[in-house]
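Undergrad: Pasting a structure below so you can have a look.
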Amino acid sequence: MGFLDREATVADSSYSRWQFPTAAIAVQMCIGEIYGFSVFNVPLTRLIGIKESIKGQDWTIPEVGWIYSIGLIMLGLSAAVFGKWVERSGPRKTMVASALCFCGGLWIGALGVYFHNIWLLYLGYGFIGGIGLGLGYIAPVSTLIKWFPDRPGMATGFAIMGFGGGALIGAPLGNLLMERFKTATSVGVGEAFLAMGAIYIVSMMFGAFTAKVPAPGWKPAGWTAPPQSANLMITQSHVSADEAIKTRQFWLLWVVLCMNVSAGIGILGQASLMCQDMFGTTAAVAGGLVGLLSIFNMVGRFFWSSTSDYTGRKGVYIIYFCLGMLLYILIPWTQKTGAVSLFVLVTCIIISMYGGGFATIPAYLRDMFGTYQVGAIHGRLITAWSVAAIIGPVVINYISTAKKTAGVSKELVYNDSIYICAGMLLVGLIANLLVSPVSAKHHYTDEVAGAPAASKPSAVAAKA
Amino acid sequence: MNAKALICWILVSIPLGWGLYQSIQKSKPLFAGTTAIAPGKPAEAPKK
């Protein structure tokens, strides 16, 4: 039995279940740095010219932008591919693997900066770092749900909130480090990558070594699982990851996540420009909105996911979609009336529900498919995020740019995109309303007896 | 929650709090009273 193996991380009675969320946050707030990658865009295009980009020698913004895209694509792919390995290996081994990939990726990226080789950045920060992102993102989910069977929404809210918090930390930390290492001959970005890798590996290892799994049959003191008849939308049975993707419910939830994220991601990426174009505010004021949205993105993850423990997962997604549609339709009206304060309020609530959608989905999966391999199922569902990362920006960026090019007044170029976002939420609402309990024919049977004992339903969840 | 858990929470709260502070600082211009620059409908606002 290895030091990192699941069996070696079974908690004894001195371990408080409230320690585990901190392990999850410690990892997630590091990998969430990817959201702050944009601070490196301009410096990476000035590695040779330093003060300005030299055409033909320095990299261009589109070339640099691929690093971020590869990272997010690998997040989705690795979460889907390694999900079952994550379930078998447990959170500690996965977090260590995530730390080595993510921080190693940053260090390889630093080499890419040193040798001015963009392919090393694609390989390091993008490909290898992206695998670290995927592993770290799903590592704590399954274990959190097992530690908090009484509050699964709140538990996953903690972890996914950490990822949102990573965006708050990553961008200012990157700026701070580049400022610190900047010289007459260097923009400081390579050194910043090295330092960030060193800082993040400490935090991620802290997370890995704080992580422990509950003993087989463990349950919170005084808590008993509600009978199946109490709520048909929360199953007491289990479905394997391979079986889950054969169910209608998995694909309905895939659509639910994809639509919620697509609608939100477009606004998140373009909020600053929208504010300037629609209301004529200064760039500094619009930048302030971005700062505020980051806070709502983080807080919304915890708030809405915790709320779902009371409203039910289906209920909270009905709120996301119905309230979301109403708010999207309000945006053109705020522009017409010049109500910039209302615009700020509306976008903040929309982004809080965008974050909430991410945080609530693991608990929704647990309700539908049980705790057995819920992390692996979550990993496969994350592919919806990758697709949304393409759909969302296309809807907002490309349509608004095309309308600008066509000569439409810039105050009005976002209206069509916003109505399309509201339409996407309607699609998500319909998918959510169609979600029903999974048929018993998909439930766990003896054919998965080859699974490791610690992750078998009988061992981990029967009593929870 | 035991002492170990409390220490863990304090440790993760420090960077999260720093990030939150940075975002609040960044969002300050939004509340600086400079947003109400449009005298009428934005479309009619004078171009600077």
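We label chains A, B, ... in the order they appear in the structure tokens, count residues from 1 in each chain, and number ligands from 1 in the order shown.
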Do you know which residues are at most 8 Å from region 351-364 of chain A counting only C-alpha atoms, after dropping those on the same chain fewer than 5 positions away, and could you put them as an NGL selection string?
TA: :A and (141 or 145 or 152-153 or 156-157 or 159-161 or 164 or 257 or 260-261 or 264-265 or 267-268 or 293 or 296-305 or 308 or 313-314 or 317 or 320 or 324 or 374-375 or 378)
Undergrad: Would you put the residues from that selection into a file with N, CA and C atoms, as a JSON list (two decimals), in the first residue's frame?
TA:
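Contents of the output file out.json:
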```
[["chain", "number", "residue", "atom", "x", "y", "z"],
["A", 141, "VAL", "N", -14.33, 16.14, -5.46],
["A", 141, "VAL", "CA", -15.80, 16.13, -5.54],
["A", 141, "VAL", "C", -16.43, 14.91, -4.87],
["A", 145, "ILE", "N", -18.63, 14.75, -1.21],
["A", 145, "ILE", "CA", -20.02, 14.28, -1.14],
["A", 145, "ILE", "C", -20.14, 13.15, -0.10],
["A", 152, "PRO", "N", -24.69, 17.86, 0.58],
["A", 152, "PRO", "CA", -23.78, 17.72, -0.58],
["A", 152, "PRO", "C", -23.65, 19.00, -1.41],
["A", 153, "GLY", "N", -24.71, 19.78, -1.47],
["A", 153, "GLY", "CA", -24.64, 21.04, -2.22],
["A", 153, "GLY", "C", -23.64, 22.00, -1.61],
["A", 156, "THR", "N", -19.92, 20.65, -2.17],
["A", 156, "THR", "CA", -19.33, 20.89, -3.49],
["A", 156, "THR", "C", -19.22, 22.39, -3.76],
["A", 157, "GLY", "N", -20.10, 23.16, -3.12],
["A", 157, "GLY", "CA", -20.01, 24.62, -3.24],
["A", 157, "GLY", "C", -18.68, 25.14, -2.72],
["A", 159, "ALA", "N", -15.76, 23.58, -2.69],
["A", 159, "ALA", "CA", -14.67, 23.24, -3.61],
["A", 159, "ALA", "C", -14.71, 24.12, -4.85],
["A", 160, "ILE", "N", -15.88, 24.20, -5.44],
["A", 160, "ILE", "CA", -15.97, 24.94, -6.70],
["A", 160, "ILE", "C", -15.83, 26.44, -6.45],
["A", 161, "MET", "N", -16.18, 26.88, -5.23],
["A", 161, "MET", "CA", -15.93, 28.27, -4.85],
["A", 161, "MET", "C", -14.43, 28.56, -4.86],
["A", 164, "GLY", "N", -13.31, 29.50, -8.24],
["A", 164, "GLY", "CA", -13.66, 30.90, -8.52],
["A", 164, "GLY", "C", -12.70, 31.84, -7.79],
["A", 257, "LEU", "N", -25.94, 21.96, -18.00],
["A", 257, "LEU", "CA", -24.68, 22.64, -17.68],
["A", 257, "LEU", "C", -24.19, 23.46, -18.87],
["A", 260, "ASN", "N", -26.30, 26.69, -19.32],
["A", 260, "ASN", "CA", -26.07, 27.64, -18.23],
["A", 260, "ASN", "C", -24.70, 28.32, -18.37],
["A", 261, "VAL", "N", -23.69, 27.50, -18.70],
["A", 261, "VAL", "CA", -22.33, 28.04, -18.82],
["A", 261, "VAL", "C", -22.19, 28.88, -20.09],
["A", 264, "GLY", "N", -23.58, 32.32, -19.53],
["A", 264, "GLY", "CA", -22.82, 33.13, -18.57],
["A", 264, "GLY", "C", -21.44, 33.50, -19.06],
["A", 265, "ILE", "N", -20.79, 32.57, -19.76],
["A", 265, "ILE", "CA", -19.39, 32.77, -20.13],
["A", 265, "ILE", "C", -19.24, 33.93, -21.12],
["A", 267, "ILE", "N", -21.11, 36.64, -21.26],
["A", 267, "ILE", "CA", -21.22, 37.89, -20.50],
["A", 267, "ILE", "C", -19.95, 38.15, -19.69],
["A", 268, "LEU", "N", -19.44, 37.09, -19.07],
["A", 268, "LEU", "CA", -18.26, 37.23, -18.21],
["A", 268, "LEU", "C", -17.07, 37.75, -19.01],
["A", 293, "LEU", "N", -17.72, 41.32, -10.71],
["A", 293, "LEU", "CA", -18.24, 40.06, -11.24],
["A", 293, "LEU", "C", -17.44, 38.87, -10.72],
["A", 296, "PHE", "N", -18.79, 38.01, -7.35],
["A", 296, "PHE", "CA", -20.09, 37.34, -7.44],
["A", 296, "PHE", "C", -19.96, 35.93, -8.03],
["A", 297, "ASN", "N", -19.01, 35.77, -8.94],
["A", 297, "ASN", "CA", -18.76, 34.44, -9.50],
["A", 297, "ASN", "C", -18.32, 33.48, -8.40],
["A", 298, "MET", "N", -17.48, 33.97, -7.50],
["A", 298, "MET", "CA", -16.98, 33.10, -6.42],
["A", 298, "MET", "C", -18.07, 32.86, -5.36],
["A", 299, "VAL", "N", -18.68, 33.94, -4.89],
["A", 299, "VAL", "CA", -19.65, 33.81, -3.80],
["A", 299, "VAL", "C", -20.89, 33.04, -4.27],
["A", 300, "GLY", "N", -21.29, 33.27, -5.53],
["A", 300, "GLY", "CA", -22.47, 32.57, -6.07],
["A", 300, "GLY", "C", -22.31, 31.06, -6.04],
["A", 301, "ARG", "N", -21.07, 30.60, -6.21],
["A", 301, "ARG", "CA", -20.83, 29.16, -6.21],
["A", 301, "ARG", "C", -21.22, 28.54, -4.87],
["A", 302, "PHE", "N", -20.84, 29.21, -3.82],
["A", 302, "PHE", "CA", -21.15, 28.66, -2.50],
["A", 302, "PHE", "C", -22.63, 28.91, -2.14],
["A", 303, "PHE", "N", -23.08, 30.15, -2.40],
["A", 303, "PHE", "CA", -24.43, 30.52, -1.99],
["A", 303, "PHE", "C", -25.50, 29.65, -2.68],
["A", 304, "TRP", "N", -25.44, 29.58, -4.01],
["A", 304, "TRP", "CA", -26.49, 28.85, -4.73],
["A", 304, "TRP", "C", -26.41, 27.35, -4.48],
["A", 305, "SER", "N", -25.18, 26.84, -4.43],
["A", 305, "SER", "CA", -25.04, 25.40, -4.21],
["A", 305, "SER", "C", -25.56, 25.00, -2.83],
["A", 308, "SER", "N", -29.25, 24.92, -2.78],
["A", 308, "SER", "CA", -29.84, 23.74, -3.44],
["A", 308, "SER", "C", -30.11, 22.61, -2.45],
["A", 313, "ARG", "N", -32.05, 20.15, -6.18],
["A", 313, "ARG", "CA", -31.19, 20.55, -7.31],
["A", 313, "ARG", "C", -32.02, 21.01, -8.51],
["A", 314, "LYS", "N", -33.10, 20.29, -8.77],
["A", 314, "LYS", "CA", -33.95, 20.66, -9.89],
["A", 314, "LYS", "C", -34.54, 22.06, -9.66],
["A", 317, "TYR", "N", -32.00, 24.91, -10.26],
["A", 317, "TYR", "CA", -31.75, 25.16, -11.69],
["A", 317, "TYR", "C", -32.94, 25.84, -12.35],
["A", 320, "TYR", "N", -32.20, 29.35, -11.63],
["A", 320, "TYR", "CA", -31.14, 29.86, -12.52],
["A", 320, "TYR", "C", -31.72, 30.23, -13.89],
["A", 324, "GLY", "N", -32.70, 33.87, -14.72],
["A", 324, "GLY", "CA", -31.68, 34.23, -15.72],
["A", 324, "GLY", "C", -32.32, 34.80, -16.98],
["A", 374, "VAL", "N", -19.23, 9.05, -8.73],
["A", 374, "VAL", "CA", -19.81, 10.36, -9.05],
["A", 374, "VAL", "C", -18.74, 11.32, -9.58],
["A", 375, "GLY", "N", -17.50, 11.16, -9.08],
["A", 375, "GLY", "CA", -16.40, 12.00, -9.57],
["A", 375, "GLY", "C", -16.13, 11.74, -11.05],
["A", 378, "HIS", "N", -18.89, 13.17, -13.07],
["A", 378, "HIS", "CA", -18.70, 14.62, -13.13],
["A", 378, "HIS", "C", -17.62, 14.97, -14.16]]
```
Undergrad: Set the distance at 10 Å and use only C-alpha atoms: which residues neighbour region 13-27 of chain B once local chain neighbours fewer than 5 positions away are removed? I'd like the list as a ChimeraX atom specification.
TA: /A:22,25-26,29,162,164-173,203,284-295,298 /B:7-8,32
Undergrad: Determine the nearest neighbour of chain B from the options A:Val256, A:Ile199, A:Leu194, A:Ile420, counting only C-alpha atoms.
TA: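 Nearest candidate to chain B out of A:Val256, A:Ile199, A:Leu194, A:Ile420: A:Ile199.
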Undergrad: How many Å separate CA of Gly188 (chain A) from CA of Pro29 (chain B)?
TA: 27.7 Å
Undergrad: Counting only C-alpha atoms, figure out which residue out of A:Val438, A:Val64, A:Ala23, A:Ala215 gets nearest to Ala11 (chain A).
TA: A:Ala215
Undergrad: Between A:Ile391, A:Val213, A:Cys275, A:Val81, which has the minimum distance to Gln335 (chain A) (counting only C-alpha atoms)?
TA: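 Nearest candidate to Gln335 (chain A) out of A:Ile391, A:Val213, A:Cys275, A:Val81: A:Cys275.
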Undergrad: Kindly indicate which residue among A:Leu345, A:Ala110, A:Met74, A:Ala389 lies nearest to chain B, using only C-alpha atoms for the distances.
TA: A:Leu345
Undergrad: Tell me, as a PDB file with C-alpha atoms, in the first residue's frame, which residues lie within 8 Å of Met205 (chain A), counting only C-alpha atoms; anything in the same chain fewer than 3 positions away does not count.
TA:
```pdb
ATOM      1  CA  MET A  95      -4.099  16.058  -5.931  1.00  0.00           C
ATOM      2  CA  VAL A  96      -0.384  15.245  -5.992  1.00  0.00           C
ATOM      3  CA  ALA A  99       0.062  19.600  -8.496  1.00  0.00           C
ATOM      4  CA  ILE A 201       2.901  23.570  -5.320  1.00  0.00           C
ATOM      5  CA  VAL A 202       3.120  24.388  -1.602  1.00  0.00           C
ATOM      6  CA  ALA A 208      -3.098  16.751  -0.823  1.00  0.00           C
ATOM      7  CA  PHE A 209      -1.776  15.933   2.636  1.00  0.00           C
TER       8      PHE A 209
END
```
Undergrad: Excluding Ile131 (chain A) and its own-chain neighbours fewer than 6 positions away, which residues fall within 7 Å of it when counting only C-alpha atoms? Please give them as a compact mmCIF listing (two decimals) with C-alpha atoms, in the first residue's frame.
TA:
```txt
# COMPACT_ATOMS: atom_id res chain seq x y z
CA MET A 74 -7.29 19.61 -21.69
CA LEU A 75 -9.24 20.36 -18.50
CA SER A 78 -8.51 14.92 -18.77
CA CYS A 101 1.17 18.54 -13.77
```
Undergrad: If we count only C-alpha atoms and set the cut-off at 10 Å, which residues sit around Tyr122 (chain A), ignoring sequence neighbours fewer than 2 positions away in its own chain? Please answer as a ChimeraX atom specification.
TA: /A:63-71,105,108-109,112,117-120,124-130
